[in-house]
$ cat entry_28.pdb   # PDB, C-alpha atoms and all ligand atoms
ATOM      1  CA  MET A   1      84.056 -20.107 -59.702
ATOM      2  CA  GLU A   2      85.323 -17.133 -57.807
ATOM      3  CA  THR A   3      82.841 -14.862 -59.529
ATOM      4  CA  ASN A   4      80.034 -17.206 -58.653
ATOM      5  CA  ASP A   5      81.057 -17.244 -55.034
ATOM      6  CA  TYR A   6      81.313 -13.489 -55.053
ATOM      7  CA  GLN A   7      77.846 -13.173 -56.606
ATOM      8  CA  LYS A   8      76.439 -15.589 -54.097
ATOM      9  CA  ASP A   9      77.960 -13.662 -51.171
ATOM     10  CA  HIS A  10      76.715 -10.444 -52.615
ATOM     11  CA  TYR A  11      73.259 -11.872 -53.012
ATOM     12  CA  ILE A  12      73.184 -13.100 -49.397
ATOM     13  CA  PHE A  13      74.477  -9.761 -48.195
ATOM     14  CA  ASP A  14      71.742  -7.975 -50.143
ATOM     15  CA  GLN A  15      69.133 -10.274 -48.714
ATOM     16  CA  LEU A  16      70.412  -9.718 -45.193
ATOM     17  CA  ARG A  17      70.329  -5.981 -45.679
ATOM     18  CA  LYS A  18      66.784  -6.243 -46.950
ATOM     19  CA  TYR A  19      65.764  -8.341 -43.922
ATOM     20  CA  ALA A  20      67.433  -5.853 -41.627
ATOM     21  CA  LYS A  21      65.547  -3.009 -43.277
ATOM     22  CA  ASP A  22      62.256  -4.898 -43.102
ATOM     23  CA  PHE A  23      62.949  -5.762 -39.488
ATOM     24  CA  ALA A  24      63.683  -2.096 -38.700
ATOM     25  CA  GLU A  25      60.424  -1.147 -40.396
ATOM     26  CA  VAL A  26      58.437  -3.739 -38.472
ATOM     27  CA  TYR A  27      60.120  -2.673 -35.234
ATOM     28  CA  ARG A  28      59.348   0.988 -35.906
ATOM     29  CA  SER A  29      55.703   0.340 -36.754
ATOM     30  CA  GLU A  30      55.317  -1.967 -33.709
ATOM     31  CA  LYS A  31      56.753   0.772 -31.520
ATOM     32  CA  GLU A  32      54.278   3.243 -32.955
ATOM     33  CA  LYS A  33      51.395   0.831 -32.462
ATOM     34  CA  ARG A  34      52.471   0.273 -28.845
ATOM     35  CA  LYS A  35      52.546   4.015 -28.323
ATOM     36  CA  GLU A  36      49.044   4.298 -29.759
ATOM     37  CA  LEU A  37      47.890   1.443 -27.543
ATOM     38  CA  GLU A  38      49.361   3.111 -24.505
ATOM     39  CA  ALA A  39      47.558   6.352 -25.356
ATOM     40  CA  THR A  40      44.287   4.442 -25.856
ATOM     41  CA  ASN A  41      44.882   2.670 -22.583
ATOM     42  CA  GLN A  42      45.351   5.931 -20.744
ATOM     43  CA  GLN A  43      42.220   7.309 -22.363
ATOM     44  CA  LEU A  44      40.290   4.232 -21.245
ATOM     45  CA  VAL A  45      41.544   4.612 -17.670
ATOM     46  CA  LYS A  46      40.354   8.220 -17.737
ATOM     47  CA  TYR A  47      36.939   7.187 -19.096
ATOM     48  CA  ALA A  48      36.630   4.575 -16.343
ATOM     49  CA  GLU A  49      37.488   7.169 -13.705
ATOM     50  CA  ASP A  50      34.951   9.644 -15.148
ATOM     51  CA  LEU A  51      32.304   6.933 -15.314
ATOM     52  CA  ASN A  52      32.929   6.003 -11.702
ATOM     53  CA  LYS A  53      32.628   9.631 -10.639
ATOM     54  CA  THR A  54      29.334   9.985 -12.532
ATOM     55  CA  LEU A  55      28.025   6.779 -10.974
ATOM     56  CA  ILE A  56      28.808   8.043  -7.470
ATOM     57  CA  GLU A  57      27.044  11.338  -8.256
ATOM     58  CA  LEU A  58      24.032   9.468  -9.665
ATOM     59  CA  LYS A  59      23.897   7.272  -6.584
ATOM     60  CA  THR A  60      23.845  10.339  -4.325
ATOM     61  CA  VAL A  61      21.079  11.958  -6.372
ATOM     62  CA  HIS A  62      19.168   8.655  -6.395
ATOM     63  CA  GLN A  63      19.444   8.359  -2.604
ATOM     64  CA  TYR A  64      18.320  11.945  -2.175
ATOM     65  CA  LEU A  65      15.302  11.422  -4.459
ATOM     66  CA  GLN A  66      14.446   8.152  -2.713
ATOM     67  CA  GLN A  67      14.562   9.924   0.652
ATOM     68  CA  ALA A  68      12.397  12.791  -0.637
ATOM     69  CA  TYR A  69       9.948  10.261  -2.095
ATOM     70  CA  LEU A  70       9.646   8.316   1.170
ATOM     71  CA  ASP A  71       9.401  11.512   3.172
ATOM     72  CA  THR A  72       6.552  12.723   0.950
ATOM     73  CA  ILE A  73       4.712   9.425   1.364
ATOM     74  CA  HIS A  74       5.074   9.648   5.151
ATOM     75  CA  ARG A  75       3.687  13.147   5.272
ATOM     76  CA  LEU A  76       0.708  12.211   3.054
ATOM     77  CA  VAL A  77       0.028   9.229   5.315
ATOM     78  CA  LEU A  78       0.265  11.460   8.355
ATOM     79  CA  ALA A  79      -2.228  13.872   6.749
ATOM     80  CA  ALA A  80      -4.671  10.990   6.208
ATOM     81  CA  GLU A  81      -4.120   9.645   9.715
ATOM     82  CA  TYR A  82      -4.224  13.023  11.435
ATOM     83  CA  ARG A  83      -7.986  13.071  12.114
ATOM     84  CA  ASP A  84      -7.802   9.553  13.472
ATOM     85  CA  GLU A  85      -4.838   9.654  15.708
ATOM     86  CA  GLY A  86      -2.686  12.773  15.403
ATOM     87  CA  THR A  87       0.801  11.555  16.259
ATOM     88  CA  GLY A  88       1.279   8.884  13.622
ATOM     89  CA  SER A  89       2.515   6.395  16.212
ATOM     90  CA  HIS A  90      -0.101   3.831  15.066
ATOM     91  CA  ILE A  91       1.355   3.728  11.570
ATOM     92  CA  VAL A  92       4.919   3.491  12.870
ATOM     93  CA  ARG A  93       3.967   0.518  15.089
ATOM     94  CA  ILE A  94       2.048  -1.167  12.219
ATOM     95  CA  SER A  95       5.053  -0.769   9.960
ATOM     96  CA  ARG A  96       7.509  -2.151  12.515
ATOM     97  CA  TYR A  97       5.283  -5.067  13.594
ATOM     98  CA  SER A  98       4.583  -5.985   9.952
ATOM     99  CA  ALA A  99       8.272  -5.839   9.053
ATOM    100  CA  LEU A 100       9.209  -8.069  11.972
ATOM    101  CA  ILE A 101       6.534 -10.659  11.088
ATOM    102  CA  ALA A 102       7.538 -10.555   7.392
ATOM    103  CA  GLU A 103      11.210 -10.950   8.191
ATOM    104  CA  ARG A 104      10.711 -13.805  10.664
ATOM    105  CA  PHE A 105       8.348 -15.470   8.193
ATOM    106  CA  GLY A 106      11.355 -15.590   5.863
ATOM    107  CA  LEU A 107      10.621 -12.907   3.282
ATOM    108  CA  PRO A 108      13.674 -11.467   1.476
ATOM    109  CA  ALA A 109      15.084  -8.141   2.739
ATOM    110  CA  ASP A 110      13.774  -6.209  -0.297
ATOM    111  CA  ASP A 111      10.202  -7.381   0.312
ATOM    112  CA  VAL A 112      10.498  -6.552   4.012
ATOM    113  CA  GLN A 113      11.679  -3.068   3.155
ATOM    114  CA  ASN A 114       8.735  -2.541   0.792
ATOM    115  CA  ILE A 115       6.396  -3.559   3.612
ATOM    116  CA  VAL A 116       8.084  -1.072   5.965
ATOM    117  CA  TYR A 117       7.175   1.787   3.645
ATOM    118  CA  ALA A 118       3.880   0.426   2.262
ATOM    119  CA  ALA A 119       2.188  -0.702   5.505
ATOM    120  CA  PRO A 120       1.733   2.884   6.806
ATOM    121  CA  MET A 121      -0.555   3.512   3.823
ATOM    122  CA  HIS A 122      -3.019   0.726   4.753
ATOM    123  CA  ASP A 123      -5.744   3.146   5.941
ATOM    124  CA  VAL A 124      -5.083   5.995   3.523
ATOM    125  CA  GLY A 125      -8.652   5.535   2.205
ATOM    126  CA  LYS A 126      -9.997   6.891   5.521
ATOM    127  CA  ILE A 127      -9.418  10.280   3.939
ATOM    128  CA  GLY A 128     -12.723   9.619   2.135
ATOM    129  CA  ILE A 129     -14.722   8.695   5.257
ATOM    130  CA  PRO A 130     -16.816  11.463   6.878
ATOM    131  CA  ASP A 131     -15.678  12.716  10.309
ATOM    132  CA  SER A 132     -19.079  11.830  11.791
ATOM    133  CA  ILE A 133     -18.309   8.152  11.165
ATOM    134  CA  LEU A 134     -14.514   8.104  11.500
ATOM    135  CA  MET A 135     -14.499   9.958  14.804
ATOM    136  CA  LYS A 136     -17.727   8.637  16.277
ATOM    137  CA  PRO A 137     -17.078   7.739  19.922
ATOM    138  CA  GLY A 138     -19.763   5.014  20.078
ATOM    139  CA  LYS A 139     -20.464   1.886  18.062
ATOM    140  CA  LEU A 140     -21.183   2.364  14.363
ATOM    141  CA  THR A 141     -24.625   1.515  12.980
ATOM    142  CA  ASP A 142     -24.773  -1.128  10.228
ATOM    143  CA  GLU A 143     -25.140   1.592   7.646
ATOM    144  CA  GLU A 144     -22.192   3.572   9.037
ATOM    145  CA  PHE A 145     -20.086   0.424   9.138
ATOM    146  CA  GLU A 146     -20.819  -0.224   5.443
ATOM    147  CA  ILE A 147     -19.463   3.258   4.689
ATOM    148  CA  MET A 148     -16.454   2.669   6.954
ATOM    149  CA  LYS A 149     -15.636  -0.525   5.025
ATOM    150  CA  THR A 150     -15.163   1.499   1.840
ATOM    151  CA  HIS A 151     -11.870   2.894   3.195
ATOM    152  CA  THR A 152     -10.299  -0.264   1.711
ATOM    153  CA  THR A 153     -11.513   0.360  -1.843
ATOM    154  CA  ILE A 154     -11.025   4.132  -1.607
ATOM    155  CA  GLY A 155      -7.410   3.494  -0.502
ATOM    156  CA  ALA A 156      -6.928   0.968  -3.307
ATOM    157  CA  ASN A 157      -8.221   3.496  -5.851
ATOM    158  CA  ILE A 158      -5.863   6.168  -4.539
ATOM    159  CA  LEU A 159      -2.906   3.787  -4.787
ATOM    160  CA  ALA A 160      -3.833   1.960  -8.022
ATOM    161  CA  ASN A 161      -1.799   1.721 -11.236
ATOM    162  CA  SER A 162       1.562   2.939  -9.983
ATOM    163  CA  LYS A 163       4.819   1.799 -11.548
ATOM    164  CA  ALA A 164       6.523   2.136  -8.151
ATOM    165  CA  LYS A 165       6.881  -1.190  -6.320
ATOM    166  CA  ILE A 166       6.196   0.383  -2.906
ATOM    167  CA  LEU A 167       2.878   1.797  -4.103
ATOM    168  CA  GLN A 168       1.950  -1.517  -5.744
ATOM    169  CA  VAL A 169       2.493  -3.262  -2.397
ATOM    170  CA  ALA A 170       0.607  -0.440  -0.638
ATOM    171  CA  HIS A 171      -2.305  -0.948  -3.054
ATOM    172  CA  GLN A 172      -2.468  -4.671  -2.191
ATOM    173  CA  ILE A 173      -2.319  -3.903   1.530
ATOM    174  CA  ALA A 174      -4.971  -1.158   1.416
ATOM    175  CA  LEU A 175      -7.352  -3.460  -0.434
ATOM    176  CA  SER A 176      -6.788  -6.648   1.566
ATOM    177  CA  HIS A 177      -5.942  -5.734   5.182
ATOM    178  CA  HIS A 178      -9.523  -6.401   6.381
ATOM    179  CA  GLU A 179      -9.887  -9.763   4.647
ATOM    180  CA  LYS A 180     -10.105 -12.760   7.001
ATOM    181  CA  TRP A 181      -8.480 -16.196   6.647
ATOM    182  CA  ASN A 182     -11.960 -17.838   6.845
ATOM    183  CA  GLY A 183     -13.360 -15.651   4.055
ATOM    184  CA  LYS A 184     -15.579 -13.548   6.329
ATOM    185  CA  GLY A 185     -13.703 -10.285   5.866
ATOM    186  CA  TYR A 186     -14.156  -7.417   3.423
ATOM    187  CA  PRO A 187     -14.249  -5.971   0.785
ATOM    188  CA  GLN A 188     -13.881  -9.090  -1.421
ATOM    189  CA  GLY A 189     -14.454 -11.910   1.076
ATOM    190  CA  LEU A 190     -11.221 -13.632   0.001
ATOM    191  CA  SER A 191     -10.022 -16.599   2.062
ATOM    192  CA  GLY A 192      -6.730 -18.377   2.880
ATOM    193  CA  ASP A 193      -3.876 -18.012   0.414
ATOM    194  CA  LYS A 194      -6.073 -15.976  -1.927
ATOM    195  CA  ILE A 195      -5.534 -13.026   0.410
ATOM    196  CA  PRO A 196      -2.184 -11.438  -0.529
ATOM    197  CA  LEU A 197       0.480 -12.322   2.066
ATOM    198  CA  VAL A 198       1.191  -8.636   2.739
ATOM    199  CA  GLY A 199      -2.497  -8.092   3.534
ATOM    200  CA  ARG A 200      -2.514 -11.052   5.955
ATOM    201  CA  ILE A 201       0.601  -9.703   7.685
ATOM    202  CA  VAL A 202      -0.692  -6.145   8.074
ATOM    203  CA  SER A 203      -4.099  -7.422   9.221
ATOM    204  CA  LEU A 204      -2.474  -9.198  12.169
ATOM    205  CA  ALA A 205      -0.289  -6.200  13.048
ATOM    206  CA  ASP A 206      -3.243  -3.809  12.694
ATOM    207  CA  VAL A 207      -5.603  -5.792  14.942
ATOM    208  CA  PHE A 208      -2.955  -6.328  17.637
ATOM    209  CA  ASP A 209      -2.272  -2.604  17.600
ATOM    210  CA  ALA A 210      -5.969  -1.669  17.655
ATOM    211  CA  LEU A 211      -6.528  -3.987  20.634
ATOM    212  CA  THR A 212      -3.594  -2.625  22.627
ATOM    213  CA  SER A 213      -4.220   1.063  21.807
ATOM    214  CA  ARG A 214      -6.569   3.681  23.196
ATOM    215  CA  ARG A 215      -9.405   4.549  20.803
ATOM    216  CA  PRO A 216     -12.184   7.154  21.101
ATOM    217  CA  TYR A 217     -14.562   4.371  22.150
ATOM    218  CA  LYS A 218     -12.293   2.145  24.300
ATOM    219  CA  GLU A 219      -9.343   1.860  26.652
ATOM    220  CA  PRO A 220      -6.380  -0.303  25.548
ATOM    221  CA  TYR A 221      -6.691  -4.011  26.361
ATOM    222  CA  PRO A 222      -3.888  -5.508  28.432
ATOM    223  CA  VAL A 223      -1.387  -7.348  26.203
ATOM    224  CA  GLU A 224      -2.381 -10.750  27.669
ATOM    225  CA  VAL A 225      -6.026 -10.198  26.683
ATOM    226  CA  ALA A 226      -5.018  -9.071  23.187
ATOM    227  CA  LEU A 227      -2.861 -12.197  22.778
ATOM    228  CA  GLU A 228      -5.730 -14.443  23.904
ATOM    229  CA  ILE A 229      -7.971 -12.875  21.251
ATOM    230  CA  ILE A 230      -5.317 -13.394  18.574
ATOM    231  CA  LYS A 231      -4.802 -17.034  19.611
ATOM    232  CA  LYS A 232      -8.561 -17.596  19.428
ATOM    233  CA  GLU A 233      -8.621 -16.131  15.916
ATOM    234  CA  ARG A 234      -5.753 -18.364  14.685
ATOM    235  CA  GLY A 235      -7.043 -19.986  11.501
ATOM    236  CA  LYS A 236     -10.288 -17.961  11.683
ATOM    237  CA  GLN A 237      -9.478 -14.287  11.215
ATOM    238  CA  PHE A 238      -5.717 -14.770  10.825
ATOM    239  CA  ASP A 239      -3.320 -16.937   8.827
ATOM    240  CA  PRO A 240      -2.341 -19.638  11.392
ATOM    241  CA  ASP A 241       1.330 -19.688  10.291
ATOM    242  CA  LEU A 242       1.611 -15.931  10.745
ATOM    243  CA  VAL A 243       0.032 -16.137  14.212
ATOM    244  CA  ASP A 244       2.709 -18.701  15.135
ATOM    245  CA  VAL A 245       5.453 -16.377  13.895
ATOM    246  CA  PHE A 246       3.877 -13.450  15.744
ATOM    247  CA  LEU A 247       3.570 -15.309  19.049
ATOM    248  CA  GLY A 248       7.053 -16.796  18.652
ATOM    249  CA  ASN A 249       8.485 -13.275  18.441
ATOM    250  CA  ILE A 250       6.177 -11.548  20.908
ATOM    251  CA  ASP A 251       9.080 -10.289  23.068
ATOM    252  CA  GLU A 252      10.407  -8.274  20.147
ATOM    253  CA  ILE A 253       6.921  -7.061  19.218
ATOM    254  CA  LEU A 254       6.522  -5.708  22.762
ATOM    255  CA  LYS A 255       9.981  -4.150  22.602
ATOM    256  CA  ILE A 256       8.923  -2.249  19.466
ATOM    257  CA  LYS A 257       5.703  -1.154  21.176
ATOM    258  CA  LYS A 258       7.605   0.167  24.159
ATOM    259  CA  GLU A 259      10.123   1.987  21.966
ATOM    260  CA  VAL A 260       7.504   3.693  19.764
ATOM    261  CA  ASP A 261       5.169   4.521  22.677
ATOM    262  CA  SER A 262       7.935   6.191  24.645
ATOM    263  CA  ALA A 263       9.251   8.220  21.690
ATOM    264  CA  LYS A 264       8.227  11.852  21.538
ATOM    265  CA  ASP A 265       5.913  12.441  18.522
ATOM    266  CA  ALA A 266       6.692   8.925  17.196
ATOM    267  CA  PRO A 267       9.154  10.234  14.625
ATOM    268  CA  PHE A 268       9.257   8.489  11.282
ATOM    269  CA  SER A 269      12.920   7.789  11.814
ATOM    270  CA  LEU A 270      11.678   4.883  13.947
ATOM    271  CA  LEU A 271      10.569   3.240  10.708
ATOM    272  CA  ALA A 272      14.231   2.685   9.936
ATOM    273  CA  TYR A 273      14.936  -0.716   8.519
ATOM    274  CA  GLU A 274      18.363  -1.498   7.224
ATOM    275  CA  LYS A 275      19.081  -4.255   4.753
ATOM    276  CA  ARG A 276      20.988  -6.480   7.101
ATOM    277  CA  GLY A 277      18.342  -9.108   7.613
ATOM    278  CA  GLN A 278      17.240  -7.555  10.893
ATOM    279  CA  VAL A 279      14.604  -5.135  11.991
ATOM    280  CA  SER A 280      16.261  -2.380  13.943
TER     281      SER A 280
HETATM  282 FE    FE B 301      -8.264  -0.380   7.851
HETATM  283 FE    FE B 302      -4.963   0.818  10.988
END

$ encode --input "entry_28.pdb" --output "structure tokens" --more "lines below"
Ligand SMILES: [Fe+2]
Ligand SMILES: [Fe+2]
Amino acid sequence: METNDYQKDHYIFDQLRKYAKDFAEVYRSEKEKRKELEATNQQLVKYAEDLNKTLIELKTVHQYLQQAYLDTIHRLVLAAEYRDEGTGSHIVRISRYSALIAERFGLPADDVQNIVYAAPMHDVGKIGIPDSILMKPGKLTDEEFEIMKTHTTIGANILANSKAKILQVAHQIALSHHEKWNGKGYPQGLSGDKIPLVGRIVSLADVFDALTSRRPYKEPYPVEVALEIIKKERGKQFDPDLVDVFLGNIDEILKIKKEVDSAKDAPFSLLAYEKRGQVS
């Protein structure tokens, strides 16, 4: 009996010792694993920090490239516009008017920003029009006018097939900014909604600016006269909804005109549009 009890105790003791040893082993390996985890964790934190740093650097480079890209576009536009108008203030006004109309019409900020940068390229095709026609002080003959009309398709060809969204919008604008709501425009004779919205917007901005600006063949019309003409063309030359938006925001349109007209050399910085749902 005693021996049995002794054996039993011994057995239990052995088992306990074994458990203790196993437990110590598990504890030791867990501790090691935790250490490894901690090291991995630290490594991950470092990777995250490095990644963040790289992202910030990439963002800076991206912004720089974007700025250089826009700057290059502006200077090319200015080169095309130089024979026509010299200071580039026409294209700054067009851009600002178009952006305001687009924004108040309810287009998203990204689309408005594309219009800001694409609208200045609307007449880039004039680069292919001879000086004798482009700078003629008097009225164009029918034949000369036919040549003048090709600035839309020349511009579209220059801007075609780009992967860049701004140039795709610019292509649409160059091709469609002389189309009329009633289908009597050029070069395709599109009507109503078939004319791209950006083309309808720039058309309105372009005509208002042409009416209220000095040209080789005419003095500027007073704003009231220009507005009467635009009202008369509501639903004929222009998209009626856009005319309503334009007239509803005429105070701001005139504010833009005053600001650009009084700026020395109409700097391109006046194109500035920040993504805060407002044209500045
Ligand atoms: Fe044009
Ligand atoms: Fe124009």

$ resolve_selection --input "entry_28.pdb" --expression "the PyMOL selection byres (((chain A and resi 164) around 12) and not hetatm)" --output "list in words"
Gln66, Tyr69, Leu70, Asn114, Tyr117, Ala118, Leu159, Ala160, Asn161, Ser162, Lys163, Lys165, Ile166, Leu167, Gln168, Val169, Ala170 and His171 of chain A

$ residues_near_ligand --input "entry_28.pdb" --ligand "ligand FE 301 (chain B)" --cutoff "8 Å" --atoms "all atoms listed in the file" --output "list of chain:residue names"
A:His122, A:Asp123, A:Lys126, A:Lys149, A:His151, A:Thr152, A:Ala174, A:His177, A:His178, A:Asp206

$ residues_around --input "entry_28.pdb" --residues "segment 208-210 of chain A" --least-positions-apart "5" --cutoff "12 Å" --atoms "only C-alpha atoms" --output "number ranges by chain"
A: 85, 89-98, 201-203, 215-231, 233, 238, 243, 246-247, 250, 253-254, 256-257, 260-261

$ residues_around --input "entry_28.pdb" --residues "Leu242 of chain A" --least-positions-apart "3" --cutoff "10 Å" --atoms "only C-alpha atoms" --output "PyMOL selection string"
chain A and resi 101-102+104-105+197+200-201+204+234-235+238-239+245-248

$ write_last_selection --input "entry_28.pdb" --atoms "C-alpha atoms" --output "compact mmCIF listing (two decimals), keeping the file's coordinate frame"
# COMPACT_ATOMS: atom_id res chain seq x y z
CA ILE A 101 6.53 -10.66 11.09
CA ALA A 102 7.54 -10.56 7.39
CA ARG A 104 10.71 -13.80 10.66
CA PHE A 105 8.35 -15.47 8.19
CA LEU A 197 0.48 -12.32 2.07
CA ARG A 200 -2.51 -11.05 5.96
CA ILE A 201 0.60 -9.70 7.68
CA LEU A 204 -2.47 -9.20 12.17
CA ARG A 234 -5.75 -18.36 14.68
CA GLY A 235 -7.04 -19.99 11.50
CA PHE A 238 -5.72 -14.77 10.82
CA ASP A 239 -3.32 -16.94 8.83
CA VAL A 245 5.45 -16.38 13.90
CA PHE A 246 3.88 -13.45 15.74
CA LEU A 247 3.57 -15.31 19.05
CA GLY A 248 7.05 -16.80 18.65

$ closest_residue --input "entry_28.pdb" --among "A:Leu44, A:Ala99, A:Ile154, A:Ile147" --to "Gly125 of chain A" --atoms "all atoms listed in the file"
A:Ile154

$ axis_aligned_box --input "entry_28.pdb" --around "segment 48-59 of chain A" --padding-each-side "4 Å" --output "lines of an AutoDock Vina configuration file"
center_x = 30.7
center_y = 8.0
center_z = -11.5
size_x = 21.6
size_y = 14.8
size_z = 17.8

$ atom_distance --input "entry_28.pdb" --atom1 "atom CA of Met148 of chain A" --atom2 "atom CA of Ile115 of chain A"
23.9 Å

$ atom_distance --input "entry_28.pdb" --atom1 "atom CA of Asp241 of chain A" --atom2 "atom CA of Ala205 of chain A"
13.9 Å

$ closest_residue --input "entry_28.pdb" --among "A:Glu49, A:Asp84, A:Glu57, A:Glu144" --to "ligand FE 302 (chain B)" --atoms "all atoms listed in the file"
A:Asp84

$ resolve_selection --input "entry_28.pdb" --expression "the PyMOL selection byres (((chain A and resi 195) around 10) and not hetatm)" --output "ChimeraX atom specification"
/A:172-173,175-181,183,188-194,196-200,239

$ write_last_selection --input "entry_28.pdb" --atoms "C-alpha atoms" --output "mmCIF file, in the frame of the given file"
data_model
loop_
_atom_site.group_PDB
_atom_site.id
_atom_site.type_symbol
_atom_site.label_atom_id
_atom_site.label_comp_id
_atom_site.auth_asym_id
_atom_site.auth_seq_id
_atom_site.Cartn_x
_atom_site.Cartn_y
_atom_site.Cartn_z
ATOM 1 C CA GLN A 172 -2.468 -4.671 -2.191
ATOM 2 C CA ILE A 173 -2.319 -3.903 1.530
ATOM 3 C CA LEU A 175 -7.352 -3.460 -0.434
ATOM 4 C CA SER A 176 -6.788 -6.648 1.566
ATOM 5 C CA HIS A 177 -5.942 -5.734 5.182
ATOM 6 C CA HIS A 178 -9.523 -6.401 6.381
ATOM 7 C CA GLU A 179 -9.887 -9.763 4.647
ATOM 8 C CA LYS A 180 -10.105 -12.760 7.001
ATOM 9 C CA TRP A 181 -8.480 -16.196 6.647
ATOM 10 C CA GLY A 183 -13.360 -15.651 4.055
ATOM 11 C CA GLN A 188 -13.881 -9.090 -1.421
ATOM 12 C CA GLY A 189 -14.454 -11.910 1.076
ATOM 13 C CA LEU A 190 -11.221 -13.632 0.001
ATOM 14 C CA SER A 191 -10.022 -16.599 2.062
ATOM 15 C CA GLY A 192 -6.730 -18.377 2.880
ATOM 16 C CA ASP A 193 -3.876 -18.012 0.414
ATOM 17 C CA LYS A 194 -6.073 -15.976 -1.927
ATOM 18 C CA PRO A 196 -2.184 -11.438 -0.529
ATOM 19 C CA LEU A 197 0.480 -12.322 2.066
ATOM 20 C CA VAL A 198 1.191 -8.636 2.739
ATOM 21 C CA GLY A 199 -2.497 -8.092 3.534
ATOM 22 C CA ARG A 200 -2.514 -11.052 5.955
ATOM 23 C CA ASP A 239 -3.320 -16.937 8.827
#

$ closest_residue --input "entry_28.pdb" --among "A:Ile73, A:Ile129, A:Phe13, A:Pro137" --to "Arg214 of chain A" --atoms "only C-alpha atoms"
A:Pro137

$ atom_distance --input "entry_28.pdb" --atom1 "atom CA of Gly138 of chain A" --atom2 "atom CA of Ala156 of chain A"
27.0 Å

$ closest_residue --input "entry_28.pdb" --among "A:Ala263, A:Leu37, A:Ile127, A:Met121" --to "ligand FE 302 (chain B)" --atoms "all atoms listed in the file"
A:Met121

$ build_atoms --input "entry_28.pdb" --residues "segment 144-156 of chain A" --atoms "N, CA, C and O atoms" --output "PDB file, keeping the file's coordinate frame"
ATOM      1  N   GLU A 144     -23.469   2.858   8.879  1.00  0.00           N
ATOM      2  CA  GLU A 144     -22.192   3.572   9.037  1.00  0.00           C
ATOM      3  C   GLU A 144     -21.014   2.623   8.808  1.00  0.00           C
ATOM      4  O   GLU A 144     -20.005   2.988   8.197  1.00  0.00           O
ATOM      5  N   PHE A 145     -21.171   1.394   9.294  1.00  0.00           N
ATOM      6  CA  PHE A 145     -20.086   0.424   9.138  1.00  0.00           C
ATOM      7  C   PHE A 145     -19.855   0.096   7.656  1.00  0.00           C
ATOM      8  O   PHE A 145     -18.709  -0.083   7.220  1.00  0.00           O
ATOM      9  N   GLU A 146     -20.950   0.021   6.893  1.00  0.00           N
ATOM     10  CA  GLU A 146     -20.819  -0.224   5.443  1.00  0.00           C
ATOM     11  C   GLU A 146     -19.993   0.887   4.788  1.00  0.00           C
ATOM     12  O   GLU A 146     -19.165   0.634   3.920  1.00  0.00           O
ATOM     13  N   ILE A 147     -20.232   2.125   5.241  1.00  0.00           N
ATOM     14  CA  ILE A 147     -19.463   3.258   4.689  1.00  0.00           C
ATOM     15  C   ILE A 147     -18.001   3.149   5.134  1.00  0.00           C
ATOM     16  O   ILE A 147     -17.074   3.330   4.345  1.00  0.00           O
ATOM     17  N   MET A 148     -17.811   2.805   6.408  1.00  0.00           N
ATOM     18  CA  MET A 148     -16.454   2.669   6.954  1.00  0.00           C
ATOM     19  C   MET A 148     -15.636   1.632   6.161  1.00  0.00           C
ATOM     20  O   MET A 148     -14.451   1.835   5.884  1.00  0.00           O
ATOM     21  N   LYS A 149     -16.324   0.549   5.779  1.00  0.00           N
ATOM     22  CA  LYS A 149     -15.636  -0.525   5.025  1.00  0.00           C
ATOM     23  C   LYS A 149     -15.033  -0.021   3.710  1.00  0.00           C
ATOM     24  O   LYS A 149     -14.068  -0.578   3.208  1.00  0.00           O
ATOM     25  N   THR A 150     -15.630   1.036   3.158  1.00  0.00           N
ATOM     26  CA  THR A 150     -15.163   1.499   1.840  1.00  0.00           C
ATOM     27  C   THR A 150     -13.780   2.154   1.916  1.00  0.00           C
ATOM     28  O   THR A 150     -13.208   2.471   0.881  1.00  0.00           O
ATOM     29  N   HIS A 151     -13.225   2.324   3.135  1.00  0.00           N
ATOM     30  CA  HIS A 151     -11.870   2.894   3.195  1.00  0.00           C
ATOM     31  C   HIS A 151     -10.861   1.974   2.501  1.00  0.00           C
ATOM     32  O   HIS A 151      -9.820   2.421   2.027  1.00  0.00           O
ATOM     33  N   THR A 152     -11.207   0.682   2.391  1.00  0.00           N
ATOM     34  CA  THR A 152     -10.299  -0.264   1.711  1.00  0.00           C
ATOM     35  C   THR A 152     -10.274   0.007   0.202  1.00  0.00           C
ATOM     36  O   THR A 152      -9.198   0.086  -0.400  1.00  0.00           O
ATOM     37  N   THR A 153     -11.463   0.154  -0.391  1.00  0.00           N
ATOM     38  CA  THR A 153     -11.513   0.360  -1.843  1.00  0.00           C
ATOM     39  C   THR A 153     -11.116   1.787  -2.214  1.00  0.00           C
ATOM     40  O   THR A 153     -10.496   1.999  -3.262  1.00  0.00           O
ATOM     41  N   ILE A 154     -11.458   2.743  -1.334  1.00  0.00           N
ATOM     42  CA  ILE A 154     -11.025   4.132  -1.607  1.00  0.00           C
ATOM     43  C   ILE A 154      -9.487   4.173  -1.606  1.00  0.00           C
ATOM     44  O   ILE A 154      -8.860   4.722  -2.517  1.00  0.00           O
ATOM     45  N   GLY A 155      -8.876   3.544  -0.593  1.00  0.00           N
ATOM     46  CA  GLY A 155      -7.410   3.494  -0.502  1.00  0.00           C
ATOM     47  C   GLY A 155      -6.814   2.824  -1.732  1.00  0.00           C
ATOM     48  O   GLY A 155      -5.836   3.297  -2.310  1.00  0.00           O
ATOM     49  N   ALA A 156      -7.441   1.704  -2.138  1.00  0.00           N
ATOM     50  CA  ALA A 156      -6.928   0.968  -3.307  1.00  0.00           C
ATOM     51  C   ALA A 156      -7.010   1.836  -4.554  1.00  0.00           C
ATOM     52  O   ALA A 156      -6.097   1.837  -5.385  1.00  0.00           O
TER      53      ALA A 156
END
